[in-house]
file coords-v9.csv (CSV, C-alpha atoms)
chain,number,residue,atom,x,y,z
A,13,GLN,CA,0.0,0.0,0.0
A,14,GLN,CA,1.3,3.4,-1.1
A,15,PRO,CA,2.5,5.7,1.8
A,16,VAL,CA,0.8,9.0,2.1
A,17,GLN,CA,2.7,12.3,1.7
A,18,SER,CA,1.8,15.7,2.8
A,19,PRO,CA,1.6,18.4,1.6
A,20,GLN,CA,1.1,17.6,-2.1
A,21,ALA,CA,2.9,20.8,-3.0
A,22,VAL,CA,4.6,23.7,-1.3
A,23,ILE,CA,6.0,27.0,-2.4
A,24,LEU,CA,8.8,28.7,-0.5
A,25,ARG,CA,11.0,31.7,-0.7
A,26,GLU,CA,14.8,31.2,-0.5
A,27,GLY,CA,15.8,30.9,3.1
A,28,GLU,CA,12.5,29.5,4.4
A,29,ASP,CA,12.0,26.1,6.0
A,30,ALA,CA,9.8,23.3,5.0
A,31,VAL,CA,8.6,19.9,6.3
A,32,ILE,CA,7.4,17.1,4.2
A,33,ASN,CA,5.6,14.2,5.9
A,34,CYS,CA,5.3,10.6,5.0
A,35,SER,CA,3.1,8.0,6.7
A,36,SER,CA,2.2,4.4,6.1
A,37,SER,CA,-0.5,2.1,7.3
A,38,LYS,CA,2.0,-0.8,7.4
A,39,ALA,CA,4.8,-1.6,9.8
A,40,LEU,CA,8.0,-0.2,8.3
A,41,TYR,CA,11.6,-1.5,8.3
A,42,SER,CA,13.0,1.6,6.7
A,43,VAL,CA,12.1,4.9,5.0
A,44,HIS,CA,14.0,6.3,2.0
A,45,TRP,CA,13.9,9.8,0.7
A,46,TYR,CA,14.6,10.8,-2.9
A,47,ARG,CA,14.4,14.0,-4.9
A,48,GLN,CA,13.6,14.3,-8.5
A,49,LYS,CA,14.1,17.4,-10.6
A,50,HIS,CA,12.0,17.9,-13.7
A,51,GLY,CA,13.0,15.7,-16.5
A,52,GLU,CA,15.6,13.8,-14.5
A,53,ALA,CA,15.8,10.5,-12.6
A,54,PRO,CA,15.2,10.4,-8.8
A,55,VAL,CA,18.3,10.9,-6.7
A,56,PHE,CA,18.8,9.4,-3.3
A,57,LEU,CA,18.8,11.7,-0.3
A,58,MET,CA,18.9,9.4,2.8
A,59,ILE,CA,17.7,6.2,4.4
A,60,LEU,CA,16.3,5.9,7.9
A,61,LEU,CA,16.1,2.5,9.6
A,62,LYS,CA,13.8,1.6,12.4
A,63,GLY,CA,15.0,2.9,15.8
A,64,GLY,CA,13.8,6.5,15.5
A,65,GLU,CA,17.1,7.9,14.4
A,66,GLN,CA,17.4,11.2,12.8
A,67,LYS,CA,19.8,11.7,9.9
A,68,GLY,CA,20.9,14.7,7.9
A,69,HIS,CA,23.4,16.2,5.6
A,70,ASP,CA,23.8,19.8,4.8
A,71,LYS,CA,20.5,21.5,5.7
A,72,ILE,CA,18.3,18.5,4.9
A,73,SER,CA,17.5,16.1,7.7
A,74,ALA,CA,14.9,13.5,8.4
A,75,SER,CA,13.3,11.6,11.3
A,76,PHE,CA,11.6,8.2,11.5
A,77,ASN,CA,9.1,7.3,14.1
A,78,GLU,CA,8.5,3.6,13.6
A,79,LYS,CA,5.7,3.4,16.2
A,80,LYS,CA,3.7,6.0,14.4
A,81,GLN,CA,4.9,4.6,11.0
A,82,GLN,CA,5.8,8.1,10.0
A,83,SER,CA,8.8,10.0,8.7
A,84,SER,CA,9.4,13.7,8.2
A,85,LEU,CA,11.9,15.4,5.9
A,86,TYR,CA,13.1,18.8,7.1
A,87,LEU,CA,14.6,21.4,4.7
A,88,THR,CA,16.2,24.3,6.5
A,89,ALA,CA,17.0,27.6,4.9
A,90,SER,CA,15.9,26.4,1.5
A,91,GLN,CA,18.0,27.1,-1.6
A,92,LEU,CA,16.8,27.4,-5.2
A,93,SER,CA,18.5,24.0,-5.8
A,94,TYR,CA,16.1,22.3,-3.5
A,95,SER,CA,13.2,22.7,-6.0
A,96,GLY,CA,11.9,19.4,-7.2
A,97,THR,CA,9.6,16.6,-6.2
A,98,TYR,CA,10.4,14.7,-3.1
A,99,PHE,CA,9.4,11.1,-2.7
A,100,CYS,CA,9.4,8.9,0.4
A,101,GLY,CA,9.8,5.2,-0.2
A,102,THR,CA,9.1,2.3,2.2
A,103,GLU,CA,10.2,-1.3,2.2
A,104,ASN,CA,8.0,-3.6,4.3
A,105,TYR,CA,10.2,-6.3,5.7
A,106,GLY,CA,11.4,-8.0,2.6
A,107,GLN,CA,8.5,-7.2,0.4
A,108,ASN,CA,8.4,-4.8,-2.5
A,109,PHE,CA,9.5,-1.2,-2.4
A,110,VAL,CA,6.7,1.4,-2.5
A,111,PHE,CA,7.0,5.1,-3.2
A,112,GLY,CA,4.6,7.8,-2.1
A,113,PRO,CA,2.9,10.0,-4.6
A,114,GLY,CA,5.4,12.8,-4.1
A,115,THR,CA,5.5,16.4,-2.8
A,116,ARG,CA,6.3,19.1,-5.3
A,117,LEU,CA,8.6,21.8,-3.7
A,118,SER,CA,9.2,25.1,-5.5
A,119,VAL,CA,11.7,27.5,-4.1
A,120,LEU,CA,11.4,31.1,-5.4
A,121,PRO,CA,14.1,33.8,-5.3
B,22,GLU,CA,31.7,5.5,-14.2
B,23,ALA,CA,29.2,3.8,-12.0
B,24,GLN,CA,25.8,3.9,-13.7
B,25,VAL,CA,22.5,2.4,-14.7
B,26,THR,CA,21.8,2.6,-18.4
B,27,GLN,CA,18.5,2.1,-20.2
B,28,ASN,CA,17.7,1.8,-23.9
B,29,PRO,CA,15.9,3.2,-25.7
B,30,ARG,CA,15.3,6.5,-24.1
B,31,TYR,CA,12.2,7.3,-26.1
B,32,LEU,CA,9.9,4.8,-27.9
B,33,ILE,CA,6.7,5.2,-29.9
B,34,THR,CA,5.0,2.0,-30.8
B,35,VAL,CA,1.6,0.6,-31.6
B,36,THR,CA,-0.8,-1.6,-29.6
B,37,GLY,CA,0.2,-5.2,-29.6
B,38,LYS,CA,3.8,-4.9,-31.0
B,39,LYS,CA,6.1,-6.6,-28.6
B,40,LEU,CA,8.9,-4.5,-27.2
B,41,THR,CA,11.9,-4.8,-24.8
B,42,VAL,CA,13.5,-2.1,-22.8
B,43,THR,CA,17.0,-2.9,-21.7
B,44,CYS,CA,18.6,-2.1,-18.3
B,45,SER,CA,22.2,-2.6,-17.4
B,46,GLN,CA,24.2,-1.7,-14.3
B,47,ASN,CA,28.0,-1.8,-13.9
B,48,MET,CA,28.1,-1.7,-10.1
B,49,ASN,CA,27.8,-5.4,-9.3
B,50,HIS,CA,24.4,-4.8,-7.6
B,51,GLU,CA,22.3,-7.7,-6.6
B,52,TYR,CA,19.0,-5.8,-6.4
B,53,MET,CA,17.3,-4.4,-9.5
B,54,SER,CA,13.9,-3.0,-10.1
B,55,TRP,CA,11.6,-1.5,-12.7
B,56,TYR,CA,9.2,1.4,-12.0
B,57,ARG,CA,6.7,3.3,-14.0
B,58,GLN,CA,6.0,6.9,-13.2
B,59,ASP,CA,2.6,8.6,-14.0
B,60,PRO,CA,1.4,12.1,-13.1
B,61,GLY,CA,0.0,12.2,-9.6
B,62,LEU,CA,0.8,8.5,-8.9
B,63,GLY,CA,4.5,8.7,-8.2
B,64,LEU,CA,6.8,5.8,-8.9
B,65,ARG,CA,5.1,2.4,-8.8
B,66,GLN,CA,7.2,-0.8,-8.8
B,67,ILE,CA,6.5,-3.2,-11.6
B,68,TYR,CA,9.0,-6.0,-10.9
B,69,TYR,CA,12.1,-6.5,-8.8
B,70,SER,CA,14.9,-9.0,-8.6
B,71,MET,CA,16.9,-9.8,-5.5
B,72,ASN,CA,19.5,-11.7,-7.5
B,73,VAL,CA,20.1,-13.7,-10.7
B,74,GLU,CA,17.1,-15.9,-11.5
B,75,VAL,CA,15.1,-14.4,-8.6
B,76,THR,CA,12.3,-12.1,-9.6
B,77,ASP,CA,9.1,-11.0,-8.0
B,78,LYS,CA,6.1,-8.9,-8.7
B,79,GLY,CA,5.8,-5.3,-7.5
B,80,ASP,CA,2.5,-3.4,-7.3
B,81,VAL,CA,1.7,-3.2,-11.0
B,82,PRO,CA,3.1,-6.3,-12.8
B,83,GLU,CA,0.1,-6.9,-15.2
B,84,GLY,CA,1.2,-6.7,-18.8
B,85,TYR,CA,4.9,-6.9,-18.1
B,86,LYS,CA,7.6,-9.6,-18.0
B,87,VAL,CA,11.1,-9.5,-16.7
B,88,SER,CA,14.1,-11.8,-16.7
B,89,ARG,CA,17.4,-11.8,-14.8
B,90,LYS,CA,19.8,-14.2,-16.4
B,91,GLU,CA,22.9,-12.1,-15.7
B,92,LYS,CA,23.6,-9.9,-12.7
B,93,ARG,CA,24.1,-6.8,-14.7
B,94,ASN,CA,21.0,-6.9,-16.9
B,95,PHE,CA,17.3,-6.7,-16.1
B,96,PRO,CA,15.2,-6.3,-19.3
B,97,LEU,CA,11.6,-5.3,-19.2
B,98,ILE,CA,9.4,-6.9,-21.8
B,99,LEU,CA,5.9,-5.8,-22.9
B,100,GLU,CA,4.5,-8.8,-24.9
B,101,SER,CA,1.5,-6.9,-26.1
B,102,PRO,CA,1.6,-3.2,-25.2
B,103,SER,CA,-1.6,-1.3,-24.7
B,104,PRO,CA,-2.2,2.5,-24.5
B,105,ASN,CA,-2.5,2.3,-20.7
B,106,GLN,CA,1.2,1.3,-20.6
B,107,THR,CA,2.1,4.8,-21.9
B,108,SER,CA,4.4,6.0,-19.2
B,109,LEU,CA,7.9,7.0,-18.1
B,110,TYR,CA,9.8,3.9,-17.0
B,111,PHE,CA,12.8,3.8,-14.7
B,112,CYS,CA,15.2,1.0,-13.9
B,113,ALA,CA,17.0,1.1,-10.6
B,114,SER,CA,19.7,-1.0,-8.9
B,115,SER,CA,21.1,-1.2,-5.4
B,116,LEU,CA,23.8,-3.3,-3.7
B,117,VAL,CA,21.2,-5.3,-1.8
B,118,ASN,CA,17.6,-4.8,-0.9
B,119,GLN,CA,16.9,-1.9,1.5
B,120,GLU,CA,20.0,0.1,0.3
B,121,THR,CA,20.3,3.2,-1.8
B,122,GLN,CA,18.8,2.8,-5.3
B,123,TYR,CA,20.5,4.2,-8.3
B,124,PHE,CA,18.2,5.1,-11.1
B,125,GLY,CA,18.7,4.9,-14.9
B,126,PRO,CA,17.8,8.0,-17.0
B,127,GLY,CA,14.3,6.8,-17.8
B,128,THR,CA,12.5,5.5,-20.9
B,129,ARG,CA,9.5,7.5,-22.2
B,130,LEU,CA,7.1,5.1,-23.9
B,131,LEU,CA,4.1,6.1,-26.0
B,132,VAL,CA,1.7,3.3,-27.1
B,133,LEU,CA,-0.7,4.3,-29.9

call {"tool": "encode", "arguments": {"input": "coords-v9.csv", "output": "structure tokens"}}
result
Amino acid sequence: QQPVQSPQAVILREGEDAVINCSSSKALYSVHWYRQKHGEAPVFLMILLKGGEQKGHDKISASFNEKKQQSSLYLTASQLSYSGTYFCGTENYGQNFVFGPGTRLSVLP
Amino acid sequence: EAQVTQNPRYLITVTGKKLTVTCSQNMNHEYMSWYRQDPGLGLRQIYYSMNVEVTDKGDVPEGYKVSRKEKRNFPLILESPSPNQTSLYFCASSLVNQETQYFGPGTRLLVL
């Protein structure tokens, strides 16, 4: 079953923060985050494994609450290069990999 | 250069004419997967393969076939394409399941 992402779309000004949420009705082993720019292939951002860890690099970080079956992606002080569609993906204990429908992020100057 | 390649990149065909989209990776990855991407639906997994000769259905396998005879190659076969298979297709690979997936550049298919 496809995870749910919110919001569907968000528009920011450079320097503003954003949060993208991902939730699943199934127990999760891991949550993956990818970003896709228009006309390009998705590119990996990070993986979070069960245990509630928080990861990050640069000004993009994420958390994973396995009890709530939710993950959030945090974009701090957004840059123009952050524009794109963000997908969470979940893998349910050895079963197939499922991506969410995506969140379109637009960062304006 | 480590990469996933797909061919062709663009394809226009007619209903019922068998076609194959090739996918190859040079990273010695065990896990390979095919996705289709449609507006508003995100990426949906068609088939995946944990290793050579091991394939399994994803969420939308109807109308597709795959094979994994060699570790590096994972072709997607449409035996009798229909217009509802018009989509953008991505192949992806990862070292093992649950690891980072590396995507190919995509194949845009139009079935008339």

call {"tool": "residues_around", "arguments": {"input": "coords-v9.csv", "residues": "segment 100-109 of chain B", "least_positions_apart": "2", "cutoff": "6 Å", "atoms": "only C-alpha atoms", "output": "VMD selection string"}}
result
chain B and resid 36 to 39 57 to 58 128 to 133

call {"tool": "closest_residue", "arguments": {"input": "coords-v9.csv", "among": "B:Leu62, B:Val75, B:Trp55, B:Glu22", "to": "Cys112 of chain B", "atoms": "all atoms listed in the file"}}
result
B:Trp55

call {"tool": "closest_atom_pairs", "arguments": {"input": "coords-v9.csv", "of": "chain A", "to": "chain B", "cutoff": "12 Å", "atoms": "all atoms listed in the file", "output": "Markdown table"}}
result
| residue | atom | partner | partner_atom | distance |
| --- | --- | --- | --- | --- |
| A:Gln13 | CA | B:Asp80 | CA | 8.4 |
| A:Gln14 | CA | B:Arg65 | CA | 8.6 |
| A:Pro15 | CA | B:Gly63 | CA | 10.6 |
| A:Val16 | CA | B:Gly63 | CA | 10.9 |
| A:Gln17 | CA | B:Gly63 | CA | 10.7 |
| A:Gln20 | CA | B:Gly61 | CA | 9.3 |
| A:Ala21 | CA | B:Gly61 | CA | 11.2 |
| A:Leu40 | CA | B:Gln119 | CA | 11.3 |
| A:Tyr41 | CA | B:Gln119 | CA | 8.6 |
| A:Ser42 | CA | B:Gln119 | CA | 7.4 |
| A:Val43 | CA | B:Gln119 | CA | 9.0 |
| A:His44 | CA | B:Thr121 | CA | 8.0 |
| A:Trp45 | CA | B:Thr121 | CA | 9.5 |
| A:Tyr46 | CA | B:Gln122 | CA | 9.3 |
| A:Arg47 | CA | B:Phe124 | CA | 11.5 |
| A:Gln48 | CA | B:Phe124 | CA | 10.6 |
| A:Lys49 | CA | B:Pro126 | CA | 12.0 |
| A:His50 | CA | B:Pro126 | CA | 11.9 |
| A:Gly51 | CA | B:Pro126 | CA | 9.1 |
| A:Glu52 | CA | B:Pro126 | CA | 6.7 |
| A:Ala53 | CA | B:Pro126 | CA | 5.4 |
| A:Pro54 | CA | B:Phe124 | CA | 6.5 |
| A:Val55 | CA | B:Tyr123 | CA | 7.2 |
| A:Phe56 | CA | B:Thr121 | CA | 6.6 |
| A:Leu57 | CA | B:Thr121 | CA | 8.8 |
| A:Met58 | CA | B:Thr121 | CA | 7.8 |
| A:Ile59 | CA | B:Thr121 | CA | 7.4 |
| A:Leu60 | CA | B:Gln119 | CA | 10.1 |
| A:Leu61 | CA | B:Gln119 | CA | 9.3 |
| A:Lys62 | CA | B:Gln119 | CA | 11.9 |
| A:Thr97 | CA | B:Gly63 | CA | 9.6 |
| A:Tyr98 | CA | B:Gly63 | CA | 9.8 |
| A:Phe99 | CA | B:Gly63 | CA | 7.7 |
| A:Cys100 | CA | B:Gly63 | CA | 9.9 |
| A:Gly101 | CA | B:Leu64 | CA | 9.2 |
| A:Thr102 | CA | B:Gln119 | CA | 8.9 |
| A:Glu103 | CA | B:Gln119 | CA | 6.8 |
| A:Asn104 | CA | B:Gln119 | CA | 9.5 |
| A:Tyr105 | CA | B:Gln119 | CA | 9.0 |
| A:Gly106 | CA | B:Asn118 | CA | 7.8 |
| A:Gln107 | CA | B:Gly79 | CA | 8.6 |
| A:Asn108 | CA | B:Gly79 | CA | 5.7 |
| A:Phe109 | CA | B:Gln66 | CA | 6.8 |
| A:Val110 | CA | B:Arg65 | CA | 6.6 |
| A:Phe111 | CA | B:Leu64 | CA | 5.7 |
| A:Gly112 | CA | B:Gly63 | CA | 6.2 |
| A:Pro113 | CA | B:Gly63 | CA | 4.1 |
| A:Gly114 | CA | B:Gly63 | CA | 5.9 |
| A:Thr115 | CA | B:Gly63 | CA | 9.5 |
| A:Arg116 | CA | B:Gly61 | CA | 10.3 |

call {"tool": "atom_distance", "arguments": {"input": "coords-v9.csv", "atom1": "atom CA of Ser93 of chain A", "atom2": "atom CA of Gln24 of chain B"}}
result
22.8 Å

call {"tool": "residues_near_point", "arguments": {"input": "coords-v9.csv", "point": "(12.1, 25.9, -6.2)", "cutoff": "10 Å", "atoms": "only C-alpha atoms", "output": "MDAnalysis selection string"}}
result
chainID A and resid 22:26 49 90:97 116:121

call {"tool": "write_last_selection", "arguments": {"input": "coords-v9.csv", "atoms": "C-alpha atoms", "output": "mmCIF file, keeping the file's coordinate frame"}}
result
data_model
loop_
_atom_site.group_PDB
_atom_site.id
_atom_site.type_symbol
_atom_site.label_atom_id
_atom_site.label_comp_id
_atom_site.auth_asym_id
_atom_site.auth_seq_id
_atom_site.Cartn_x
_atom_site.Cartn_y
_atom_site.Cartn_z
ATOM 1 C CA VAL A 22 4.600 23.700 -1.300
ATOM 2 C CA ILE A 23 6.000 27.000 -2.400
ATOM 3 C CA LEU A 24 8.800 28.700 -0.500
ATOM 4 C CA ARG A 25 11.000 31.700 -0.700
ATOM 5 C CA GLU A 26 14.800 31.200 -0.500
ATOM 6 C CA LYS A 49 14.100 17.400 -10.600
ATOM 7 C CA SER A 90 15.900 26.400 1.500
ATOM 8 C CA GLN A 91 18.000 27.100 -1.600
ATOM 9 C CA LEU A 92 16.800 27.400 -5.200
ATOM 10 C CA SER A 93 18.500 24.000 -5.800
ATOM 11 C CA TYR A 94 16.100 22.300 -3.500
ATOM 12 C CA SER A 95 13.200 22.700 -6.000
ATOM 13 C CA GLY A 96 11.900 19.400 -7.200
ATOM 14 C CA THR A 97 9.600 16.600 -6.200
ATOM 15 C CA ARG A 116 6.300 19.100 -5.300
ATOM 16 C CA LEU A 117 8.600 21.800 -3.700
ATOM 17 C CA SER A 118 9.200 25.100 -5.500
ATOM 18 C CA VAL A 119 11.700 27.500 -4.100
ATOM 19 C CA LEU A 120 11.400 31.100 -5.400
ATOM 20 C CA PRO A 121 14.100 33.800 -5.300
#

call {"tool": "atom_distance", "arguments": {"input": "coords-v9.csv", "atom1": "atom CA of Cys44 of chain B", "atom2": "atom CA of Phe95 of chain B"}}
result
5.3 Å

call {"tool": "atom_distance", "arguments": {"input": "coords-v9.csv", "atom1": "atom CA of His50 of chain B", "atom2": "atom CA of Val117 of chain B"}}
result
6.6 Å

call {"tool": "residues_around", "arguments": {"input": "coords-v9.csv", "residues": "Leu97 of chain B", "least_positions_apart": "5", "cutoff": "7 Å", "atoms": "all atoms listed in the file", "output": "list of chain:residue names"}}
result
B:Thr41, B:Val42, B:Thr43, B:Tyr85, B:Lys86, B:Val87

call {"tool": "closest_residue", "arguments": {"input": "coords-v9.csv", "among": "A:Ser18, A:Gln82, A:Asp70, A:Phe76", "to": "Val31 of chain A", "atoms": "all atoms listed in the file"}}
result
A:Ser18

call {"tool": "closest_residue", "arguments": {"input": "coords-v9.csv", "among": "B:Leu99, B:Pro29, B:Glu74, B:Val35", "to": "Glu51 of chain B", "atoms": "only C-alpha atoms"}}
result
B:Glu74

call {"tool": "residues_around", "arguments": {"input": "coords-v9.csv", "residues": "Arg93 of chain B", "least_positions_apart": "5", "cutoff": "8 Å", "atoms": "all atoms listed in the file", "output": "count of residues only"}}
result
6

call {"tool": "residues_around", "arguments": {"input": "coords-v9.csv", "residues": "Asp29 of chain A", "least_positions_apart": "5", "cutoff": "7 Å", "atoms": "only C-alpha atoms", "output": "JSON, numbers by chain"}}
result
{"A": [87, 88, 89, 90]}

call {"tool": "build_atoms", "arguments": {"input": "coords-v9.csv", "residues": "segment 94-105 of chain A", "atoms": "all heavy atoms", "output": "CSV table (one decimal), keeping the file's coordinate frame"}}
result
chain,number,residue,atom,x,y,z
A,94,TYR,N,16.9,23.3,-4.1
A,94,TYR,CA,16.1,22.3,-3.5
A,94,TYR,C,14.8,22.1,-4.2
A,94,TYR,O,14.0,21.1,-3.9
A,94,TYR,CB,15.7,22.8,-2.1
A,94,TYR,CG,16.8,22.7,-1.0
A,94,TYR,CD1,18.1,22.4,-1.4
A,94,TYR,CD2,16.6,23.1,0.3
A,94,TYR,CE1,19.1,22.3,-0.5
A,94,TYR,CE2,17.6,23.0,1.2
A,94,TYR,CZ,18.9,22.7,0.9
A,94,TYR,OH,19.9,22.6,1.8
A,95,SER,N,14.5,22.9,-5.2
A,95,SER,CA,13.2,22.7,-6.0
A,95,SER,C,13.2,21.3,-6.6
A,95,SER,O,14.2,20.8,-7.1
A,95,SER,CB,13.1,23.8,-7.0
A,95,SER,OG,12.9,25.0,-6.5
A,96,GLY,N,12.0,20.7,-6.6
A,96,GLY,CA,11.9,19.4,-7.2
A,96,GLY,C,10.7,18.7,-6.5
A,96,GLY,O,10.0,19.2,-5.7
A,97,THR,N,10.6,17.4,-6.9
A,97,THR,CA,9.6,16.6,-6.2
A,97,THR,C,10.3,15.6,-5.3
A,97,THR,O,11.2,14.9,-5.7
A,97,THR,CB,8.7,15.8,-7.3
A,97,THR,OG1,8.1,16.8,-8.2
A,97,THR,CG2,7.7,15.0,-6.6
A,98,TYR,N,9.8,15.5,-4.1
A,98,TYR,CA,10.4,14.7,-3.1
A,98,TYR,C,9.5,13.5,-2.9
A,98,TYR,O,8.2,13.6,-2.7
A,98,TYR,CB,10.5,15.5,-1.7
A,98,TYR,CG,11.6,16.5,-1.8
A,98,TYR,CD1,11.4,17.7,-2.5
A,98,TYR,CD2,12.8,16.3,-1.3
A,98,TYR,CE1,12.4,18.7,-2.6
A,98,TYR,CE2,13.9,17.2,-1.4
A,98,TYR,CZ,13.6,18.4,-2.0
A,98,TYR,OH,14.6,19.4,-2.1
A,99,PHE,N,10.1,12.3,-2.9
A,99,PHE,CA,9.4,11.1,-2.7
A,99,PHE,C,9.9,10.3,-1.5
A,99,PHE,O,11.1,10.2,-1.3
A,99,PHE,CB,9.6,10.1,-3.9
A,99,PHE,CG,9.0,10.6,-5.2
A,99,PHE,CD1,9.8,11.2,-6.1
A,99,PHE,CD2,7.7,10.4,-5.4
A,99,PHE,CE1,9.3,11.7,-7.3
A,99,PHE,CE2,7.1,10.9,-6.6
A,99,PHE,CZ,7.9,11.5,-7.6
A,100,CYS,N,9.0,9.8,-0.6
A,100,CYS,CA,9.4,8.9,0.4
A,100,CYS,C,9.2,7.5,-0.2
A,100,CYS,O,8.3,7.3,-1.0
A,100,CYS,CB,8.7,9.1,1.7
A,100,CYS,SG,6.9,8.7,1.7
A,101,GLY,N,9.9,6.5,0.3
A,101,GLY,CA,9.8,5.2,-0.2
A,101,GLY,C,9.9,4.3,1.0
A,101,GLY,O,10.7,4.5,1.9
A,102,THR,N,9.1,3.2,1.0
A,102,THR,CA,9.1,2.3,2.2
A,102,THR,C,9.2,0.9,1.7
A,102,THR,O,8.8,0.5,0.6
A,102,THR,CB,7.8,2.4,3.0
A,102,THR,OG1,6.7,2.1,2.1
A,102,THR,CG2,7.6,3.8,3.5
A,103,GLU,N,9.9,0.1,2.5
A,103,GLU,CA,10.2,-1.3,2.2
A,103,GLU,C,9.6,-2.1,3.4
A,103,GLU,O,10.1,-1.8,4.6
A,103,GLU,CB,11.6,-1.5,2.0
A,103,GLU,CG,12.0,-2.9,1.5
A,103,GLU,CD,12.2,-3.9,2.6
A,103,GLU,OE1,12.6,-3.5,3.7
A,103,GLU,OE2,12.0,-5.1,2.4
A,104,ASN,N,8.7,-2.9,3.2
A,104,ASN,CA,8.0,-3.6,4.3
A,104,ASN,C,8.5,-5.0,4.5
A,104,ASN,O,8.0,-6.0,4.1
A,104,ASN,CB,6.5,-3.7,3.9
A,104,ASN,CG,5.9,-2.3,3.7
A,104,ASN,OD1,6.2,-1.3,4.3
A,104,ASN,ND2,5.1,-2.2,2.6
A,105,TYR,N,9.7,-5.0,5.2
A,105,TYR,CA,10.2,-6.3,5.7
A,105,TYR,C,10.3,-7.3,4.6
A,105,TYR,O,9.7,-8.4,4.7
A,105,TYR,CB,9.4,-6.9,6.9
A,105,TYR,CG,9.5,-6.0,8.1
A,105,TYR,CD1,8.6,-5.0,8.4
A,105,TYR,CD2,10.6,-6.2,9.0
A,105,TYR,CE1,8.8,-4.2,9.6
A,105,TYR,CE2,10.7,-5.5,10.2
A,105,TYR,CZ,9.8,-4.5,10.4
A,105,TYR,OH,10.0,-3.7,11.5
